[in-house]
$ cat upload_10.tsv   # TSV, C-alpha atoms
chain	number	residue	atom	x	y	z
A	526	MET	CA	148.33	130.82	133.56
A	527	LYS	CA	148.14	128.08	136.21
A	528	LYS	CA	148.43	130.67	139.01
A	529	LEU	CA	145.63	132.71	137.54
A	530	THR	CA	143.51	129.59	137.16
A	531	TRP	CA	143.94	128.59	140.80
A	532	VAL	CA	143.16	132.11	141.97
A	533	SER	CA	140.02	132.07	139.89
A	534	LEU	CA	138.96	128.73	141.31
A	535	VAL	CA	139.51	129.90	144.89
A	536	PHE	CA	137.50	133.05	144.20
A	537	VAL	CA	134.59	131.08	142.77
A	538	PHE	CA	134.74	128.65	145.71
A	539	MET	CA	134.60	131.50	148.26
A	540	ILE	CA	131.67	133.12	146.46
A	541	GLY	CA	129.86	129.78	146.58
A	542	LEU	CA	130.45	129.47	150.34
A	543	VAL	CA	129.08	132.95	150.94
A	544	TRP	CA	125.97	132.16	148.85
A	545	VAL	CA	125.32	128.86	150.62
A	546	SER	CA	125.87	130.48	154.00
A	547	GLY	CA	123.46	133.27	153.18
A	548	SER	CA	120.88	130.81	151.88
A	549	MET	CA	121.10	128.51	154.89
A	550	GLY	CA	121.70	130.99	157.65
A	551	GLY	CA	119.56	133.90	156.49
A	552	GLU	CA	115.87	134.36	157.17
A	553	LYS	CA	113.65	132.12	155.12
A	554	THR	CA	110.96	133.73	153.02
A	555	GLU	CA	107.65	132.25	154.04
A	556	PRO	CA	104.98	131.87	151.37
A	557	ALA	CA	102.25	134.47	151.62
A	558	ALA	CA	99.26	133.26	153.59
A	559	PRO	CA	96.17	132.79	151.43
A	560	VAL	CA	93.67	135.61	151.70
A	561	LYS	CA	90.69	134.55	153.76
A	562	LEU	CA	87.30	136.13	153.30
A	563	GLU	CA	85.21	136.77	156.38
A	564	PRO	CA	81.41	136.95	156.49
A	565	ILE	CA	80.07	140.48	156.06
A	566	LYS	CA	77.21	141.36	158.36
A	567	LEU	CA	75.07	143.86	156.50
A	568	PRO	CA	73.20	146.66	158.25
A	569	PRO	CA	69.42	146.16	158.47
A	570	PRO	CA	67.84	147.15	155.15
A	571	GLN	CA	65.90	150.39	155.05
A	572	MET	CA	62.42	149.44	153.90
A	573	THR	CA	60.96	152.94	153.71
A	574	GLY	CA	61.67	155.91	151.49
A	575	GLY	CA	62.71	155.89	147.88
A	576	ARG	CA	61.03	157.55	144.93
A	577	PRO	CA	57.45	156.88	143.76
A	578	LEU	CA	57.04	153.74	141.66
A	579	MET	CA	55.77	155.51	138.54
A	580	GLU	CA	58.79	157.82	138.56
A	581	VAL	CA	61.31	155.00	138.82
A	582	LEU	CA	59.53	153.09	136.06
A	583	LYS	CA	59.90	156.20	133.90
A	584	ASP	CA	63.63	156.40	134.71
A	585	ARG	CA	64.42	152.67	134.55
A	586	LYS	CA	67.17	152.08	132.00
A	587	THR	CA	70.28	150.08	131.14
A	588	SER	CA	73.74	151.59	131.51
A	589	ARG	CA	77.22	150.20	130.81
A	590	ASP	CA	79.31	153.04	132.22
A	591	PHE	CA	80.32	152.67	135.85
A	592	LYS	CA	82.58	154.38	138.34
A	593	PRO	CA	84.83	152.01	140.34
A	594	ASP	CA	83.56	153.42	143.66
A	595	LYS	CA	82.31	150.76	146.06
A	596	LEU	CA	78.73	150.85	147.27
A	597	PRO	CA	78.41	151.80	150.96
A	598	PRO	CA	77.27	148.92	153.21
A	599	GLN	CA	73.81	150.44	153.71
A	600	VAL	CA	73.24	150.85	149.98
A	601	LEU	CA	74.45	147.29	149.37
A	602	SER	CA	72.12	145.95	152.06
A	603	ASN	CA	69.16	147.86	150.63
A	604	LEU	CA	69.98	146.70	147.12
A	605	LEU	CA	70.16	143.01	148.03
A	606	TRP	CA	66.99	143.19	150.09
A	607	ALA	CA	65.16	144.87	147.19
A	608	ALA	CA	66.51	142.20	144.84
A	609	PHE	CA	65.53	139.08	146.74
A	610	GLY	CA	65.31	139.81	150.44
A	611	ILE	CA	62.72	138.53	152.90
A	612	ASN	CA	59.75	140.90	153.12
A	613	ARG	CA	57.52	138.62	155.21
A	614	PRO	CA	59.69	137.32	158.04
A	615	GLY	CA	57.00	135.07	159.47
A	616	SER	CA	56.89	132.94	156.33
A	617	GLY	CA	60.30	133.65	154.78
A	618	LEU	CA	58.67	134.89	151.57
A	619	ARG	CA	60.70	137.17	149.35
A	620	THR	CA	60.56	140.42	147.40
A	621	ALA	CA	60.51	138.49	144.09
A	622	PRO	CA	58.23	135.56	143.23
A	623	SER	CA	59.28	132.02	142.38
A	624	ALA	CA	57.17	129.09	141.18
A	625	MET	CA	55.87	126.95	144.05
A	626	ASN	CA	57.99	129.17	146.33
A	627	TRP	CA	61.01	127.08	145.36
A	628	GLN	CA	63.33	130.08	145.84
A	629	GLU	CA	65.77	128.26	143.60
A	630	ILE	CA	67.82	131.35	142.71
A	631	ASP	CA	70.89	132.13	144.80
A	632	LEU	CA	72.44	135.60	144.66
A	633	TYR	CA	76.21	135.58	144.38
A	634	VAL	CA	77.86	138.94	144.98
A	635	ALA	CA	81.15	139.48	143.11
A	636	MET	CA	83.39	142.32	144.29
A	637	ALA	CA	87.10	143.11	143.98
A	638	GLU	CA	88.01	141.20	147.14
A	639	GLY	CA	86.08	138.07	146.22
A	640	ILE	CA	82.67	136.55	145.75
A	641	TYR	CA	80.01	136.00	148.42
A	642	LEU	CA	76.64	134.31	148.73
A	643	TYR	CA	73.77	136.48	149.96
A	644	ASP	CA	72.11	134.91	153.01
A	645	ALA	CA	68.78	136.75	153.06
A	646	LYS	CA	67.61	135.23	156.34
A	647	ALA	CA	70.70	136.29	158.29
A	648	ASN	CA	71.30	139.42	156.17
A	649	VAL	CA	74.91	138.32	155.76
A	650	LEU	CA	77.27	137.90	152.84
A	651	GLN	CA	78.77	134.44	153.25
A	652	PRO	CA	82.28	134.07	151.80
A	653	VAL	CA	82.66	131.77	148.81
A	654	LEU	CA	85.99	132.55	147.13
A	655	ALA	CA	88.77	135.06	147.79
A	656	LYS	CA	89.35	135.86	144.13
A	657	ASP	CA	88.30	138.72	141.91
A	658	VAL	CA	86.00	136.96	139.43
A	659	ARG	CA	84.25	140.07	138.16
A	660	GLY	CA	85.73	139.53	134.70
A	661	GLU	CA	84.32	136.01	134.60
A	662	THR	CA	80.81	137.29	135.28
A	663	GLY	CA	80.84	138.58	131.71
A	664	ARG	CA	83.07	138.52	128.68
A	665	SER	CA	85.60	141.18	129.60
A	666	LEU	CA	87.03	141.49	126.09
A	667	ILE	CA	83.74	142.90	124.82
A	668	GLN	CA	82.32	143.96	128.21
A	669	PRO	CA	85.29	145.71	129.87
A	670	PHE	CA	82.98	147.37	132.40
A	671	VAL	CA	82.45	144.07	134.25
A	672	LYS	CA	85.99	144.28	135.65
A	673	GLU	CA	85.71	147.98	136.51
A	674	ALA	CA	82.30	148.13	138.17
A	675	PRO	CA	82.33	147.54	141.94
A	676	LEU	CA	79.59	144.92	141.95
A	677	ASN	CA	78.37	142.09	139.77
A	678	LEU	CA	75.42	139.98	140.88
A	679	VAL	CA	75.24	136.43	139.56
A	680	TYR	CA	71.93	134.58	139.62
A	681	ILE	CA	72.52	130.85	139.98
A	682	ALA	CA	69.71	128.31	140.03
A	683	ASP	CA	69.86	125.29	142.32
A	684	PHE	CA	67.62	122.72	140.64
A	685	SER	CA	67.78	120.39	143.64
A	686	ARG	CA	65.03	122.60	145.11
A	687	VAL	CA	62.78	122.23	142.08
A	688	SER	CA	60.14	119.53	142.38
A	689	VAL	CA	56.42	119.30	143.09
A	690	MET	CA	55.81	118.17	146.67
A	691	GLY	CA	59.28	116.66	146.62
A	692	LYS	CA	58.08	113.83	144.41
A	693	ILE	CA	56.87	114.90	140.99
A	694	PHE	CA	59.61	115.28	138.41
A	695	VAL	CA	60.01	118.63	136.62
A	696	SER	CA	61.64	118.48	133.17
A	697	GLU	CA	64.97	120.16	132.59
A	698	GLU	CA	63.33	122.46	130.06
A	699	ASP	CA	60.67	123.57	132.55
A	700	LYS	CA	63.26	124.04	135.30
A	701	LEU	CA	65.14	126.44	133.06
A	702	VAL	CA	61.94	128.33	132.21
A	703	TYR	CA	61.00	128.73	135.88
A	704	ALA	CA	64.52	129.71	136.93
A	705	SER	CA	64.88	132.23	134.11
A	706	ALA	CA	61.58	133.85	135.06
A	707	ALA	CA	62.61	134.00	138.73
A	708	ALA	CA	65.97	135.56	137.87
A	709	GLY	CA	64.18	138.07	135.63
A	710	PHE	CA	61.93	139.18	138.48
A	711	ILE	CA	64.97	139.68	140.71
A	712	GLY	CA	66.76	141.60	137.99
A	713	GLN	CA	63.80	143.94	137.54
A	714	ASN	CA	63.76	144.63	141.28
A	715	VAL	CA	67.41	145.64	140.96
A	716	TYR	CA	66.60	147.90	138.01
A	717	LEU	CA	63.87	149.68	139.97
A	718	PHE	CA	66.07	150.09	143.04
A	719	CYS	CA	68.87	151.53	140.89
A	720	ALA	CA	66.48	153.98	139.21
A	721	SER	CA	65.30	155.11	142.64
A	722	GLU	CA	68.82	155.46	144.08
A	723	GLY	CA	70.60	156.98	141.09
A	724	LEU	CA	72.67	153.85	140.37
A	725	ALA	CA	73.57	152.37	136.99
A	726	THR	CA	72.85	148.74	136.08
A	727	VAL	CA	72.75	146.28	133.20
A	728	ILE	CA	71.49	142.70	133.23
A	729	ARG	CA	73.48	140.28	131.09
A	730	GLY	CA	73.31	136.78	129.69
A	731	LEU	CA	76.84	136.83	128.27
A	732	ILE	CA	78.90	135.17	131.02
A	733	ASP	CA	82.06	133.07	131.08
A	734	LYS	CA	80.03	130.22	132.57
A	735	GLU	CA	82.72	127.58	132.24
A	736	ALA	CA	85.41	129.57	134.10
A	737	LEU	CA	83.02	130.94	136.70
A	738	GLY	CA	81.40	127.57	137.35
A	739	LYS	CA	84.82	125.98	137.80
A	740	ASP	CA	85.96	128.68	140.23
A	741	LEU	CA	82.75	128.40	142.27
A	742	LYS	CA	82.86	124.59	142.17
A	743	LEU	CA	79.22	124.44	141.14
A	744	GLY	CA	77.48	121.10	141.34
A	745	PRO	CA	75.65	119.31	138.53
A	746	LYS	CA	72.29	120.69	139.71
A	747	GLN	CA	73.46	124.30	139.76
A	748	LYS	CA	73.19	126.49	136.67
A	749	ILE	CA	74.27	130.06	136.03
A	750	ILE	CA	71.27	131.95	134.65
A	751	LEU	CA	72.06	135.68	134.45
A	752	ALA	CA	74.42	138.33	135.80
A	753	GLN	CA	73.81	141.98	136.60
A	754	THR	CA	76.33	144.77	137.00
A	755	VAL	CA	75.64	147.59	139.46
A	756	GLY	CA	77.53	150.77	140.37
A	757	TYR	CA	77.49	154.52	140.33
A	758	PRO	CA	77.12	156.00	136.83
A	759	LYS	CA	80.31	157.34	135.29
A	760	THR	CA	78.44	160.21	133.71
A	761	GLU	CA	75.69	162.25	135.28
A	762	LYS	CA	72.17	162.18	133.88

$ encode --input "upload_10.tsv" --output "structure tokens"
Amino acid sequence: MKKLTWVSLVFVFMIGLVWVSGSMGGEKTEPAAPVKLEPIKLPPPQMTGGRPLMEVLKDRKTSRDFKPDKLPPQVLSNLLWAAFGINRPGSGLRTAPSAMNWQEIDLYVAMAEGIYLYDAKANVLQPVLAKDVRGETGRSLIQPFVKEAPLNLVYIADFSRVSVMGKIFVSEEDKLVYASAAAGFIGQNVYLFCASEGLATVIRGLIDKEALGKDLKLGPKQKIILAQTVGYPKTEK
């Protein structure tokens, strides 16, 4: 019994040496480098073409069925310009109105690879977070399409821009009214563009605001107003 015991001990000791040697002498596994988003330079938006206004108003509708196919860069550029792009470069005025030209709504663009901020002046998507937050732009348990659609727009108000001549205080209630109206105008632009281009869309107020706000590190003067899902329809008309 003693002989067997010593043999067993030697065997265990040798196994331990091999394991330590492999751990110390082998190649170390480096932690994966964090994914880094790069700015996306969008192609110049195409400001001509499209279907007649009365036709797209007739076809404007809400849809919650989306294919996962990504929007081509040109379609994405056209969509964002239609939503809230600059249509008067000399003055920086936009395709959707805002009270006192505050332009307090920022367009965040959530895709599978991460979320970006639309820079209308530069026509660039500026990286914000390399994380798929599409599910947080809605309530994925009852809105499963938010995780499947290629694109979710999030309209976030920055109330630091809201004042009269930089001096007169605007109540929190009025700020919310103005921001909601501005986001609604932008959302309608998206609806009309989608009707013209054969895309599906739905505007939504049901958002996981706590999780999304935490991920985006929103400040106290920023407020999530609405979200809007866009993609190709899963079923043909």

$ atom_distance --input "upload_10.tsv" --atom1 "atom CA of A:Gly663" --atom2 "atom CA of A:Gln599"
26.0 Å

$ residues_around --input "upload_10.tsv" --residues "A:Tyr716" --least-positions-apart "3" --cutoff "8 Å" --atoms "all atoms listed in the file" --output "number ranges by chain"
A: 585-586, 712-713, 719-720, 726-727

$ closest_residue --input "upload_10.tsv" --among "A:Gly639, A:Gly575, A:Gly617, A:Gly709" --to "A:Pro652" --atoms "only C-alpha atoms"
A:Gly639

$ closest_atom_pairs --input "upload_10.tsv" --of "stretch 712-751 of chain A" --to "stretch 619-634 of chain A" --cutoff "12 Å" --atoms "all atoms listed in the file" --output "JSON lines"
{"residue": "A:Gly712", "atom": "CA", "partner": "A:Ala621", "partner_atom": "CA", "distance": 9.3}
{"residue": "A:Gln713", "atom": "CA", "partner": "A:Ala621", "partner_atom": "CA", "distance": 9.1}
{"residue": "A:Asn714", "atom": "CA", "partner": "A:Ala621", "partner_atom": "CA", "distance": 7.5}
{"residue": "A:Val715", "atom": "CA", "partner": "A:Ala621", "partner_atom": "CA", "distance": 10.4}
{"residue": "A:Phe718", "atom": "CA", "partner": "A:Thr620", "partner_atom": "CA", "distance": 12.0}
{"residue": "A:Leu737", "atom": "CA", "partner": "A:Tyr633", "partner_atom": "CA", "distance": 11.3}
{"residue": "A:Gly738", "atom": "CA", "partner": "A:Tyr633", "partner_atom": "CA", "distance": 11.9}
{"residue": "A:Leu741", "atom": "CA", "partner": "A:Tyr633", "partner_atom": "CA", "distance": 9.9}
{"residue": "A:Leu743", "atom": "CA", "partner": "A:Asp631", "partner_atom": "CA", "distance": 11.9}
{"residue": "A:Lys746", "atom": "CA", "partner": "A:Glu629", "partner_atom": "CA", "distance": 10.7}
{"residue": "A:Gln747", "atom": "CA", "partner": "A:Glu629", "partner_atom": "CA", "distance": 9.5}
{"residue": "A:Lys748", "atom": "CA", "partner": "A:Ile630", "partner_atom": "CA", "distance": 9.4}
{"residue": "A:Ile749", "atom": "CA", "partner": "A:Ile630", "partner_atom": "CA", "distance": 9.4}
{"residue": "A:Ile750", "atom": "CA", "partner": "A:Ile630", "partner_atom": "CA", "distance": 8.8}
{"residue": "A:Leu751", "atom": "CA", "partner": "A:Leu632", "partner_atom": "CA", "distance": 10.2}

$ write_last_selection --input "upload_10.tsv" --atoms "C-alpha atoms" --output "PDB file, keeping the file's coordinate frame"
ATOM      1  CA  GLY A 712      66.760 141.600 137.990  1.00  0.00           C
ATOM      2  CA  GLN A 713      63.800 143.940 137.540  1.00  0.00           C
ATOM      3  CA  ASN A 714      63.760 144.630 141.280  1.00  0.00           C
ATOM      4  CA  VAL A 715      67.410 145.640 140.960  1.00  0.00           C
ATOM      5  CA  PHE A 718      66.070 150.090 143.040  1.00  0.00           C
ATOM      6  CA  LEU A 737      83.020 130.940 136.700  1.00  0.00           C
ATOM      7  CA  GLY A 738      81.400 127.570 137.350  1.00  0.00           C
ATOM      8  CA  LEU A 741      82.750 128.400 142.270  1.00  0.00           C
ATOM      9  CA  LEU A 743      79.220 124.440 141.140  1.00  0.00           C
ATOM     10  CA  LYS A 746      72.290 120.690 139.710  1.00  0.00           C
ATOM     11  CA  GLN A 747      73.460 124.300 139.760  1.00  0.00           C
ATOM     12  CA  LYS A 748      73.190 126.490 136.670  1.00  0.00           C
ATOM     13  CA  ILE A 749      74.270 130.060 136.030  1.00  0.00           C
ATOM     14  CA  ILE A 750      71.270 131.950 134.650  1.00  0.00           C
ATOM     15  CA  LEU A 751      72.060 135.680 134.450  1.00  0.00           C
TER      16      LEU A 751
END

$ closest_residue --input "upload_10.tsv" --among "A:Leu731, A:Leu562, A:Met579, A:Leu717" --to "A:Gln668" --atoms "only C-alpha atoms"
A:Leu731

$ atom_distance --input "upload_10.tsv" --atom1 "atom CA of A:Ser696" --atom2 "atom CA of A:Asp683"
14.1 Å

$ residues_around --input "upload_10.tsv" --residues "A:Ala637" --least-positions-apart "6" --cutoff "10 Å" --atoms "all atoms listed in the file" --output "PyMOL selection string"
chain A and resi 593+595+655-659+672-677

$ build_atoms --input "upload_10.tsv" --residues "stretch 685-714 of chain A" --atoms "N, CA and C atoms" --output "PDB file, in the coordinates of the input"
ATOM      1  N   SER A 685      68.125 121.395 142.627  1.00  0.00           N
ATOM      2  CA  SER A 685      67.780 120.390 143.640  1.00  0.00           C
ATOM      3  C   SER A 685      66.559 120.814 144.448  1.00  0.00           C
ATOM      4  N   ARG A 686      66.197 122.102 144.382  1.00  0.00           N
ATOM      5  CA  ARG A 686      65.030 122.600 145.110  1.00  0.00           C
ATOM      6  C   ARG A 686      63.759 122.531 144.268  1.00  0.00           C
ATOM      7  N   VAL A 687      63.903 122.156 143.001  1.00  0.00           N
ATOM      8  CA  VAL A 687      62.780 122.230 142.080  1.00  0.00           C
ATOM      9  C   VAL A 687      62.110 120.873 141.919  1.00  0.00           C
ATOM     10  N   SER A 688      60.973 120.724 142.554  1.00  0.00           N
ATOM     11  CA  SER A 688      60.140 119.530 142.380  1.00  0.00           C
ATOM     12  C   SER A 688      58.754 119.885 142.910  1.00  0.00           C
ATOM     13  N   VAL A 689      57.786 119.078 142.611  1.00  0.00           N
ATOM     14  CA  VAL A 689      56.420 119.300 143.090  1.00  0.00           C
ATOM     15  C   VAL A 689      56.180 118.354 144.261  1.00  0.00           C
ATOM     16  N   MET A 690      56.029 118.932 145.449  1.00  0.00           N
ATOM     17  CA  MET A 690      55.810 118.170 146.670  1.00  0.00           C
ATOM     18  C   MET A 690      56.943 117.176 146.929  1.00  0.00           C
ATOM     19  N   GLY A 691      58.127 117.510 146.389  1.00  0.00           N
ATOM     20  CA  GLY A 691      59.280 116.660 146.620  1.00  0.00           C
ATOM     21  C   GLY A 691      59.242 115.339 145.891  1.00  0.00           C
ATOM     22  N   LYS A 692      58.236 115.137 145.047  1.00  0.00           N
ATOM     23  CA  LYS A 692      58.080 113.830 144.410  1.00  0.00           C
ATOM     24  C   LYS A 692      57.941 113.903 142.904  1.00  0.00           C
ATOM     25  N   ILE A 693      57.182 114.863 142.416  1.00  0.00           N
ATOM     26  CA  ILE A 693      56.870 114.900 140.990  1.00  0.00           C
ATOM     27  C   ILE A 693      58.032 115.534 140.223  1.00  0.00           C
ATOM     28  N   PHE A 694      58.486 114.846 139.206  1.00  0.00           N
ATOM     29  CA  PHE A 694      59.610 115.280 138.410  1.00  0.00           C
ATOM     30  C   PHE A 694      59.243 116.492 137.550  1.00  0.00           C
ATOM     31  N   VAL A 695      60.166 117.458 137.489  1.00  0.00           N
ATOM     32  CA  VAL A 695      60.010 118.630 136.620  1.00  0.00           C
ATOM     33  C   VAL A 695      61.080 118.519 135.537  1.00  0.00           C
ATOM     34  N   SER A 696      60.689 118.643 134.281  1.00  0.00           N
ATOM     35  CA  SER A 696      61.640 118.480 133.170  1.00  0.00           C
ATOM     36  C   SER A 696      62.726 119.543 133.228  1.00  0.00           C
ATOM     37  N   GLU A 697      63.859 119.216 132.626  1.00  0.00           N
ATOM     38  CA  GLU A 697      64.970 120.160 132.590  1.00  0.00           C
ATOM     39  C   GLU A 697      64.567 121.434 131.858  1.00  0.00           C
ATOM     40  N   GLU A 698      63.791 121.295 130.816  1.00  0.00           N
ATOM     41  CA  GLU A 698      63.330 122.460 130.060  1.00  0.00           C
ATOM     42  C   GLU A 698      62.464 123.363 130.937  1.00  0.00           C
ATOM     43  N   ASP A 699      61.536 122.765 131.686  1.00  0.00           N
ATOM     44  CA  ASP A 699      60.670 123.570 132.550  1.00  0.00           C
ATOM     45  C   ASP A 699      61.450 124.193 133.694  1.00  0.00           C
ATOM     46  N   LYS A 700      62.424 123.470 134.238  1.00  0.00           N
ATOM     47  CA  LYS A 700      63.260 124.040 135.300  1.00  0.00           C
ATOM     48  C   LYS A 700      63.930 125.316 134.820  1.00  0.00           C
ATOM     49  N   LEU A 701      64.455 125.267 133.605  1.00  0.00           N
ATOM     50  CA  LEU A 701      65.140 126.440 133.060  1.00  0.00           C
ATOM     51  C   LEU A 701      64.182 127.597 132.846  1.00  0.00           C
ATOM     52  N   VAL A 702      62.955 127.288 132.398  1.00  0.00           N
ATOM     53  CA  VAL A 702      61.940 128.330 132.210  1.00  0.00           C
ATOM     54  C   VAL A 702      61.621 128.992 133.547  1.00  0.00           C
ATOM     55  N   TYR A 703      61.349 128.189 134.564  1.00  0.00           N
ATOM     56  CA  TYR A 703      61.000 128.730 135.880  1.00  0.00           C
ATOM     57  C   TYR A 703      62.157 129.547 136.461  1.00  0.00           C
ATOM     58  N   ALA A 704      63.361 129.013 136.365  1.00  0.00           N
ATOM     59  CA  ALA A 704      64.520 129.710 136.930  1.00  0.00           C
ATOM     60  C   ALA A 704      64.800 131.012 136.204  1.00  0.00           C
ATOM     61  N   SER A 705      64.638 130.998 134.883  1.00  0.00           N
ATOM     62  CA  SER A 705      64.880 132.230 134.110  1.00  0.00           C
ATOM     63  C   SER A 705      63.866 133.302 134.474  1.00  0.00           C
ATOM     64  N   ALA A 706      62.599 132.889 134.652  1.00  0.00           N
ATOM     65  CA  ALA A 706      61.580 133.850 135.060  1.00  0.00           C
ATOM     66  C   ALA A 706      61.888 134.419 136.441  1.00  0.00           C
ATOM     67  N   ALA A 707      62.290 133.545 137.372  1.00  0.00           N
ATOM     68  CA  ALA A 707      62.610 134.000 138.730  1.00  0.00           C
ATOM     69  C   ALA A 707      63.780 134.972 138.726  1.00  0.00           C
ATOM     70  N   ALA A 708      64.815 134.658 137.954  1.00  0.00           N
ATOM     71  CA  ALA A 708      65.970 135.560 137.870  1.00  0.00           C
ATOM     72  C   ALA A 708      65.577 136.887 137.232  1.00  0.00           C
ATOM     73  N   GLY A 709      64.657 136.843 136.259  1.00  0.00           N
ATOM     74  CA  GLY A 709      64.180 138.070 135.630  1.00  0.00           C
ATOM     75  C   GLY A 709      63.450 138.983 136.600  1.00  0.00           C
ATOM     76  N   PHE A 710      62.627 138.375 137.470  1.00  0.00           N
ATOM     77  CA  PHE A 710      61.930 139.180 138.480  1.00  0.00           C
ATOM     78  C   PHE A 710      62.929 139.865 139.407  1.00  0.00           C
ATOM     79  N   ILE A 711      63.942 139.120 139.823  1.00  0.00           N
ATOM     80  CA  ILE A 711      64.970 139.680 140.710  1.00  0.00           C
ATOM     81  C   ILE A 711      65.706 140.815 140.000  1.00  0.00           C
ATOM     82  N   GLY A 712      66.058 140.571 138.754  1.00  0.00           N
ATOM     83  CA  GLY A 712      66.760 141.600 137.990  1.00  0.00           C
ATOM     84  C   GLY A 712      65.955 142.877 137.841  1.00  0.00           C
ATOM     85  N   GLN A 713      64.644 142.739 137.650  1.00  0.00           N
ATOM     86  CA  GLN A 713      63.800 143.940 137.540  1.00  0.00           C
ATOM     87  C   GLN A 713      63.744 144.679 138.867  1.00  0.00           C
ATOM     88  N   ASN A 714      63.705 143.955 139.977  1.00  0.00           N
ATOM     89  CA  ASN A 714      63.760 144.630 141.280  1.00  0.00           C
ATOM     90  C   ASN A 714      65.027 145.468 141.399  1.00  0.00           C
TER      91      ASN A 714
END
